[in-house]
Every structure is written in C-alpha cells, then in structure tokens.
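For reference, the structure discussed in these notes is given below.
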Amino acid sequence: MITPYLLFEGNCSEALAFYQQVFDCQPAMVMPYCDYVPEGAAAPPADLPGWVLHAEMSILGTNFWFADEVGEVPPGRKVRLTATVPTRDKAQTLFDRLKEGAEITLPPVVTFYSAFHAALTDRFGVMWDIVAEQAPPEDAQLDFAG
C-alpha cells in the first residue's frame with residue numbers, strides 16, 4: 001500500500017482541523033510527541049510535546065499520514081510517499097531497489113512500531129518512507145523510540 005505522508009513545521013494540528021472541515025472527515029488517530037525528542041534535534045521547540053508525531057486521516061477514501069517535523073521542511077518537500085509492506089524482508093528488498101542513486105535520509109532502523117523503517121529520496125527526487133507492518137521483536141534494540 002502507498003500512503004501520502006504530509007509534513008508540517010509545528011502546525012500539523014491546525015492542518016488536520018482545516019482538512020477535517022474541508023473534507024468533512026475525522027482523524028483516525030493523533031499521537032503527540034509528548035516527551036519524545038528526535039535524535040539529532042539540537043534545540044527542539046519548547047512546545048514540541050504538543051506537536052503531532054503521527055496522525056492518520058481518511059480523505060475521500062484515501063488514507064493520509066501527517067506529522068510535524070522537527071526542523072525546516074522546504075517547499076516541495078512537504079509530501080512523502082510511504083510504502084507499507086507486510087514484512088521486514090519485503091521492506092529491505094524495496095529499500096535495496098530504491099537506494100540506487102538515492103539520498104538515504106533514514107537508514108533502516110527497528111522502531112517501537114515496526115521491524116523496519118527507512119527513508120530516502122530516490123534518484124528522481126521522490127521522497128519515500130518504507131515501513132514493515134511486522135512488529136519489532138520484543139527484545140529488539142530500538143534505534144528510534146517514542
């Protein structure tokens with residue numbers, strides 16, 4: 001499944017409310033940052049706990065993902081495509097195929113929500129997240145925690 005992922009800079013909640021009104025829909029879930037601070041965030045904003053770490057909303061039959069990014073999101077870089085596949089192995093295969101000539105923005109990691117998550121901008125300038133639906137092993141060392 002391919003899911004559009006919309007990125008914001010601290011105003012994701014406002015965008016969700018706007019799209020909810022425009023398209024007459026409800027967010028399926030909204031997860032705030034709370035105490036989580038992304039690795040590499042030298043000076044996170046004071047209001048980061050209220051920002052959206054991840055949200056989902058169905059708009060006209062298409063599931064969209066939303067998030068506030070810590071750091072600047074340049075124009076033209078506010079939409080990613082997320083390829084969600086059943087297993088870590090399938091995710092690794094997709095990543096290996098897409099990485100030729102790509103800029104890797106997140107090397108493959110085990111997260112609290114997945115056995116595999118990676119991100120890259122392919123050689124054509126398309127931004128991709130690759131996520132396995134497979135849960136991480138219970139004893140996994142997490143590279144990303146929320």
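By convention here, the chains of the structure tokens are called A, B, ... in the order presented, each chain's residues are numbered starting at 1, and ligands are numbered starting at 1 in the order presented.
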
Legend entry - All residues 10 Å or closer to segment 92-95 of chain A, only C-alpha atoms, same chain fewer than 2 positions away omitted, as a PyMOL selection string: chain A and resi 83+85+87-90+97-100+104+107-108+116-120+128-132

Inset, instruction - From the DSSP assignment of the backbone, select every residue of chain A that is helix (DSSP H, G or I), and format the answer as a ChimeraX atom specification. - result: /A:12-23,48-50,88-98

Inset, instruction - Find the residues around segment 7-23 of chain A up to 10 Å (only C-alpha atoms counted), leave out those fewer than 4 positions away in its own chain, and share them as a PyMOL selection string. - result: chain A and resi 27+30+32+45+47-48+50-60+65-74+77-80

Legend entry - DSSP strand (DSSP E or B) selection over chain A, as a PyMOL selection string: chain A and resi 2-8+27-32+52-59+62-68+79-85+103-109+111+117-121+127-132+144
